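To start, the structure itself, in structure tokens.
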Amino acid sequence: MTLKPSLVTRIAVGKLVGLIFGLIGFFILPAFGVDDLKIRLGVLFWYITLGAIIGIFGVLNFHPVLRIPLPWWARGLFLGAWMNFVLTLFVFDMFASILAAHPVMGLSSPWWFVAEGALFGLIVGGLATYIGGEGAATAPVRPDALIIR
């Protein structure tokens with residue numbers, strides 16, 4: 001569907017999908033006993049930012065050090081899982097208390113948020129690549145941008 005590869009389009013798609021996931025989290029958290037507005041807003045902004053990061057990384061479709069191709073599913077899967085891993089390290093106790101009080105489908109470990117991040121990364125990476133393209137074509141270099149004035 002990509003008519004013209006664009007980094008801005010990739011970032012917009014990532015932010016839109018992040019907004020959707022973030023709003024779901026924002027409105028579902030009170031059902032799990034989280035009434036703190038700061039936490040709910042943090043989840044909302046986390047997914048918007050994570051979507052933008054995954055969108056930005058669509059420019060790198062080749063690993064510069066390992067010299068291997070990086071398909072969209074590998075980038076999205078890794079970035080989503082890694083960022084939610086970092087999030088879980090910071091708020092492990094809060095996630096553990098929420099899941100202990102309200103286990104979702106029998107899942108009581110906060111580490112499931114890493115798998116949820118991987119799924120989120122796959123969704124964002126796939127949609128951003130389908131709609132906005134990938135690789136160097138998304139961020140072409142203008143010759144006049146290299147001139148120092």
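Chain identifiers are assigned as A, B, and so on, following the order in which chains appear in the structure tokens; residues are numbered from 1 within each chain, and ligands are numbered from 1 in order of appearance.
Using only C-alpha atoms, the contacts of Leu29 (chain A) at a cut-off of 9 Å, with sequence neighbours closer than 6 positions omitted, comprise Asp35, Ile39 and Arg40 of chain A.
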Give me, as a PDB file with N, CA and C atoms, in the first residue's frame, the residues of chain A that a backbone DSSP run labels strand (DSSP E or B).
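Heads up, here's the output in selection-v3.pdb:
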ATOM      1  N   PHE A  62      18.748  -2.772   8.075  1.00  0.00           N
ATOM      2  CA  PHE A  62      19.979  -3.535   7.974  1.00  0.00           C
ATOM      3  C   PHE A  62      20.836  -3.193   9.181  1.00  0.00           C
ATOM      4  N   PRO A  69      20.255  -8.430   7.641  1.00  0.00           N
ATOM      5  CA  PRO A  69      19.000  -7.701   7.435  1.00  0.00           C
ATOM      6  C   PRO A  69      18.153  -7.709   8.703  1.00  0.00           C
ATOM      7  N   VAL A 104      -5.495 -11.878  35.193  1.00  0.00           N
ATOM      8  CA  VAL A 104      -6.124 -11.832  33.876  1.00  0.00           C
ATOM      9  C   VAL A 104      -5.873 -13.177  33.199  1.00  0.00           C
ATOM     10  N   LEU A 107      -3.076 -15.317  34.429  1.00  0.00           N
ATOM     11  CA  LEU A 107      -1.707 -14.814  34.373  1.00  0.00           C
ATOM     12  C   LEU A 107      -1.451 -13.941  35.594  1.00  0.00           C
TER      13      LEU A 107
END
Practice problem: Find the residues near Ser109 (chain A): any atom within 9 Å, counting only C-alpha atoms, skip ones fewer than 4 places away on the same chain, and give them as a list in words. | Solution: Phe95, Ala96, Leu99, Ala100, Pro103 and Phe113 of chain A
Residues from last step as file, C-alpha atoms, as a PDB file, in the first residue's frame:
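Writing the result to selection-v9.pdb gives the following:
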ATOM      1  CA  PHE A  95       2.120  -4.740  38.240  1.00  0.00           C
ATOM      2  CA  ALA A  96       2.530  -7.691  40.638  1.00  0.00           C
ATOM      3  CA  LEU A  99      -2.200  -9.051  38.821  1.00  0.00           C
ATOM      4  CA  ALA A 100      -2.294 -10.719  42.248  1.00  0.00           C
ATOM      5  CA  PRO A 103      -5.395 -12.211  37.574  1.00  0.00           C
ATOM      6  CA  PHE A 113       3.950  -7.462  30.004  1.00  0.00           C
TER       7      PHE A 113
END
Quiz item: Which is closest to Ala101 (chain A) among A:Ile53, A:Ala12, A:Val43, A:Val34, if we use only C-alpha atoms?
Solution: A:Val34
Please produce, as a tab-separated table, a per-residue contact table for region 11-95 of chain A versus region 131-136 of chain A (criterion: any atom at most 7 Å away, only C-alpha atoms considered), showing the nearest atom pair and its distance in Å to one decimal, sorted by chain then residue number.
residue	atom	partner	partner_atom	distance
A:Gly58	CA	A:Glu134	CA	5.1
A:Val59	CA	A:Gly135	CA	4.3
A:Leu60	CA	A:Gly135	CA	5.7
A:Asn61	CA	A:Gly135	CA	5.2
Can I get the selected residues back with N, CA and C atoms, as a short mmCIF file (atom, residue, chain, number, x, y, z; two decimals), in the first residue's frame?
data_model
loop_
_atom_site.label_atom_id
_atom_site.label_comp_id
_atom_site.auth_asym_id
_atom_site.auth_seq_id
_atom_site.Cartn_x
_atom_site.Cartn_y
_atom_site.Cartn_z
N GLY A 58 12.10 2.04 11.79
CA GLY A 58 11.86 1.46 10.48
C GLY A 58 12.86 1.89 9.44
N VAL A 59 13.63 2.92 9.75
CA VAL A 59 14.68 3.37 8.83
C VAL A 59 15.80 2.33 8.78
N LEU A 60 16.04 1.65 9.90
CA LEU A 60 17.13 0.68 9.98
C LEU A 60 16.63 -0.71 9.58
N ASN A 61 16.75 -1.03 8.31
CA ASN A 61 16.35 -2.37 7.88
C ASN A 61 17.58 -3.26 7.64
#
Quiz prompt | Selection: 8 Å around Val17 (chain A), only C-alpha atoms, excl. self and same-chain fewer than 6 positions, as a ChimeraX atom specification | solution = /A:48,51,124
Practice problem: Would you kindly return, as a PyMOL selection string, each protein, DNA or RNA residue with an atom no farther than 12 Å from any atom of Thr49 (chain A), considering only C-alpha atoms and excluding same-chain residues fewer than 6 positions away? | Solution: chain A and resi 11-19+21-22+42-43+55-56+79-80+83-84+121+124
Hey, what's within 12 Å of Trp82 (chain A) if we count only C-alpha atoms and toss same-chain stuff fewer than 6 positions away? As a PDB file with N, CA and C atoms, in the first residue's frame, please?
ATOM      1  N   LEU A  50       6.225   4.580  22.709  1.00  0.00           N
ATOM      2  CA  LEU A  50       6.762   3.317  22.194  1.00  0.00           C
ATOM      3  C   LEU A  50       6.386   3.117  20.732  1.00  0.00           C
ATOM      4  N   ILE A  53       8.735   5.280  18.712  1.00  0.00           N
ATOM      5  CA  ILE A  53      10.091   4.711  18.657  1.00  0.00           C
ATOM      6  C   ILE A  53      10.148   3.577  17.637  1.00  0.00           C
ATOM      7  N   ILE A  54       9.162   2.703  17.664  1.00  0.00           N
ATOM      8  CA  ILE A  54       9.132   1.599  16.705  1.00  0.00           C
ATOM      9  C   ILE A  54       9.006   2.143  15.284  1.00  0.00           C
ATOM     10  N   ALA A  74      11.267  -8.456  13.211  1.00  0.00           N
ATOM     11  CA  ALA A  74      12.344  -8.565  14.196  1.00  0.00           C
ATOM     12  C   ALA A  74      12.519  -7.254  14.956  1.00  0.00           C
ATOM     13  N   ARG A  75      12.479  -6.130  14.217  1.00  0.00           N
ATOM     14  CA  ARG A  75      12.605  -4.817  14.873  1.00  0.00           C
ATOM     15  C   ARG A  75      11.457  -4.588  15.841  1.00  0.00           C
ATOM     16  N   GLY A  76      10.236  -4.801  15.366  1.00  0.00           N
ATOM     17  CA  GLY A  76       9.066  -4.550  16.205  1.00  0.00           C
ATOM     18  C   GLY A  76       9.013  -5.453  17.422  1.00  0.00           C
ATOM     19  N   THR A  88       8.718  -2.986  33.017  1.00  0.00           N
ATOM     20  CA  THR A  88       8.406  -3.948  34.075  1.00  0.00           C
ATOM     21  C   THR A  88       9.442  -3.899  35.194  1.00  0.00           C
ATOM     22  N   LEU A  89      10.704  -3.669  34.845  1.00  0.00           N
ATOM     23  CA  LEU A  89      11.723  -3.535  35.892  1.00  0.00           C
ATOM     24  C   LEU A  89      11.426  -2.362  36.818  1.00  0.00           C
ATOM     25  N   TRP A 111       5.857 -10.349  34.291  1.00  0.00           N
ATOM     26  CA  TRP A 111       6.712 -10.540  33.131  1.00  0.00           C
ATOM     27  C   TRP A 111       5.902 -10.789  31.864  1.00  0.00           C
ATOM     28  N   PHE A 113       3.969  -8.745  30.699  1.00  0.00           N
ATOM     29  CA  PHE A 113       3.950  -7.462  30.004  1.00  0.00           C
ATOM     30  C   PHE A 113       5.046  -7.389  28.936  1.00  0.00           C
ATOM     31  N   VAL A 114       6.107  -8.190  29.103  1.00  0.00           N
ATOM     32  CA  VAL A 114       7.151  -8.255  28.078  1.00  0.00           C
ATOM     33  C   VAL A 114       6.573  -8.893  26.809  1.00  0.00           C
ATOM     34  N   ALA A 115       5.816  -9.973  26.974  1.00  0.00           N
ATOM     35  CA  ALA A 115       5.173 -10.613  25.822  1.00  0.00           C
ATOM     36  C   ALA A 115       4.138  -9.685  25.189  1.00  0.00           C
ATOM     37  N   GLU A 116       3.428  -8.940  26.012  1.00  0.00           N
ATOM     38  CA  GLU A 116       2.451  -7.979  25.490  1.00  0.00           C
ATOM     39  C   GLU A 116       3.151  -6.887  24.689  1.00  0.00           C
ATOM     40  N   GLY A 117       4.325  -6.454  25.142  1.00  0.00           N
ATOM     41  CA  GLY A 117       5.101  -5.466  24.404  1.00  0.00           C
ATOM     42  C   GLY A 117       5.584  -6.010  23.068  1.00  0.00           C
ATOM     43  N   ALA A 118       5.966  -7.288  23.049  1.00  0.00           N
ATOM     44  CA  ALA A 118       6.390  -7.914  21.797  1.00  0.00           C
ATOM     45  C   ALA A 118       5.234  -7.952  20.804  1.00  0.00           C
ATOM     46  N   LEU A 119       4.042  -8.286  21.283  1.00  0.00           N
ATOM     47  CA  LEU A 119       2.859  -8.297  20.414  1.00  0.00           C
ATOM     48  C   LEU A 119       2.545  -6.892  19.910  1.00  0.00           C
ATOM     49  N   PHE A 120       2.625  -5.909  20.796  1.00  0.00           N
ATOM     50  CA  PHE A 120       2.422  -4.519  20.404  1.00  0.00           C
ATOM     51  C   PHE A 120       3.426  -4.109  19.334  1.00  0.00           C
ATOM     52  N   GLY A 121       4.702  -4.485  19.531  1.00  0.00           N
ATOM     53  CA  GLY A 121       5.738  -4.156  18.560  1.00  0.00           C
ATOM     54  C   GLY A 121       5.479  -4.786  17.203  1.00  0.00           C
TER      55      GLY A 121
END
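Atom pair CA of Trp73 (chain A) / CA of Arg10 (chain A) has a distance of 14.4 Å (rounded to one decimal).
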Quiz prompt | For Asp36 (chain A), the nearest of the candidates A:Met94, A:Leu87, A:Leu7, A:Ile20, counting only C-alpha atoms | solution =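 Smallest separation from Asp36 (chain A) among the options: A:Met94.
Interatomic distance, CA of Leu127 (chain A) against CA of Pro5 (chain A): 12.9 Å.
We find CA of Ala137 (chain A) and CA of Phe57 (chain A) to be spaced 12.9 Å apart.
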Exercise. Please identify which residues in region 9-89 of chain A DSSP calls alpha helix (DSSP H) from the backbone, and express them as a PyMOL selection string.
Key: chain A and resi 9-28+37-56+72-89
Those residues with C-alpha atoms, as a PDB file, in the first residue's frame please?
ATOM      1  CA  THR A   9       3.973   8.407   8.120  1.00  0.00           C
ATOM      2  CA  ARG A  10       5.686   5.584  10.027  1.00  0.00           C
ATOM      3  CA  ILE A  11       5.853   7.695  13.176  1.00  0.00           C
ATOM      4  CA  ALA A  12       2.216   8.799  12.799  1.00  0.00           C
ATOM      5  CA  VAL A  13       1.048   5.194  12.401  1.00  0.00           C
ATOM      6  CA  GLY A  14       3.091   4.166  15.449  1.00  0.00           C
ATOM      7  CA  LYS A  15       1.663   6.982  17.531  1.00  0.00           C
ATOM      8  CA  LEU A  16      -1.895   6.228  16.409  1.00  0.00           C
ATOM      9  CA  VAL A  17      -1.634   2.543  17.299  1.00  0.00           C
ATOM     10  CA  GLY A  18       0.075   3.545  20.554  1.00  0.00           C
ATOM     11  CA  LEU A  19      -2.770   5.945  21.294  1.00  0.00           C
ATOM     12  CA  ILE A  20      -5.304   3.156  20.772  1.00  0.00           C
ATOM     13  CA  PHE A  21      -3.422   0.725  23.048  1.00  0.00           C
ATOM     14  CA  GLY A  22      -2.780   3.489  25.588  1.00  0.00           C
ATOM     15  CA  LEU A  23      -6.433   4.497  25.714  1.00  0.00           C
ATOM     16  CA  ILE A  24      -7.431   0.871  26.231  1.00  0.00           C
ATOM     17  CA  GLY A  25      -5.007   0.698  29.156  1.00  0.00           C
ATOM     18  CA  PHE A  26      -6.130   4.078  30.476  1.00  0.00           C
ATOM     19  CA  PHE A  27      -9.767   3.003  30.640  1.00  0.00           C
ATOM     20  CA  ILE A  28      -9.199  -0.605  31.749  1.00  0.00           C
ATOM     21  CA  LEU A  37      -4.337   9.271  37.361  1.00  0.00           C
ATOM     22  CA  LYS A  38      -0.535   9.549  37.087  1.00  0.00           C
ATOM     23  CA  ILE A  39      -0.184   5.817  36.469  1.00  0.00           C
ATOM     24  CA  ARG A  40      -3.025   5.787  33.963  1.00  0.00           C
ATOM     25  CA  LEU A  41      -1.569   8.759  32.075  1.00  0.00           C
ATOM     26  CA  GLY A  42       1.848   7.114  32.237  1.00  0.00           C
ATOM     27  CA  VAL A  43       0.483   4.013  30.503  1.00  0.00           C
ATOM     28  CA  LEU A  44      -1.221   6.177  27.874  1.00  0.00           C
ATOM     29  CA  PHE A  45       1.929   8.183  27.129  1.00  0.00           C
ATOM     30  CA  TRP A  46       4.155   5.085  27.316  1.00  0.00           C
ATOM     31  CA  TYR A  47       2.391   3.390  24.421  1.00  0.00           C
ATOM     32  CA  ILE A  48       2.257   6.544  22.314  1.00  0.00           C
ATOM     33  CA  THR A  49       6.002   7.003  22.787  1.00  0.00           C
ATOM     34  CA  LEU A  50       6.762   3.317  22.194  1.00  0.00           C
ATOM     35  CA  GLY A  51       4.776   3.417  18.956  1.00  0.00           C
ATOM     36  CA  ALA A  52       6.787   6.431  17.796  1.00  0.00           C
ATOM     37  CA  ILE A  53      10.091   4.711  18.657  1.00  0.00           C
ATOM     38  CA  ILE A  54       9.132   1.599  16.705  1.00  0.00           C
ATOM     39  CA  GLY A  55       8.095   3.832  13.803  1.00  0.00           C
ATOM     40  CA  ILE A  56      11.428   5.648  13.834  1.00  0.00           C
ATOM     41  CA  TRP A  72      10.070  -5.367  10.303  1.00  0.00           C
ATOM     42  CA  TRP A  73       8.922  -8.225  12.527  1.00  0.00           C
ATOM     43  CA  ALA A  74      12.344  -8.565  14.196  1.00  0.00           C
ATOM     44  CA  ARG A  75      12.605  -4.817  14.873  1.00  0.00           C
ATOM     45  CA  GLY A  76       9.066  -4.550  16.205  1.00  0.00           C
ATOM     46  CA  LEU A  77       9.259  -7.701  18.294  1.00  0.00           C
ATOM     47  CA  PHE A  78      12.590  -6.763  19.865  1.00  0.00           C
ATOM     48  CA  LEU A  79      11.801  -3.099  20.545  1.00  0.00           C
ATOM     49  CA  GLY A  80       8.357  -3.788  22.005  1.00  0.00           C
ATOM     50  CA  ALA A  81       9.624  -6.607  24.226  1.00  0.00           C
ATOM     51  CA  TRP A  82      12.740  -4.710  25.312  1.00  0.00           C
ATOM     52  CA  MET A  83      10.933  -1.488  26.202  1.00  0.00           C
ATOM     53  CA  ASN A  84       8.206  -3.315  28.146  1.00  0.00           C
ATOM     54  CA  PHE A  85      10.954  -5.313  29.892  1.00  0.00           C
ATOM     55  CA  VAL A  86      12.474  -2.030  31.051  1.00  0.00           C
ATOM     56  CA  LEU A  87       9.032  -0.756  32.100  1.00  0.00           C
ATOM     57  CA  THR A  88       8.406  -3.948  34.075  1.00  0.00           C
ATOM     58  CA  LEU A  89      11.723  -3.535  35.892  1.00  0.00           C
TER      59      LEU A  89
END
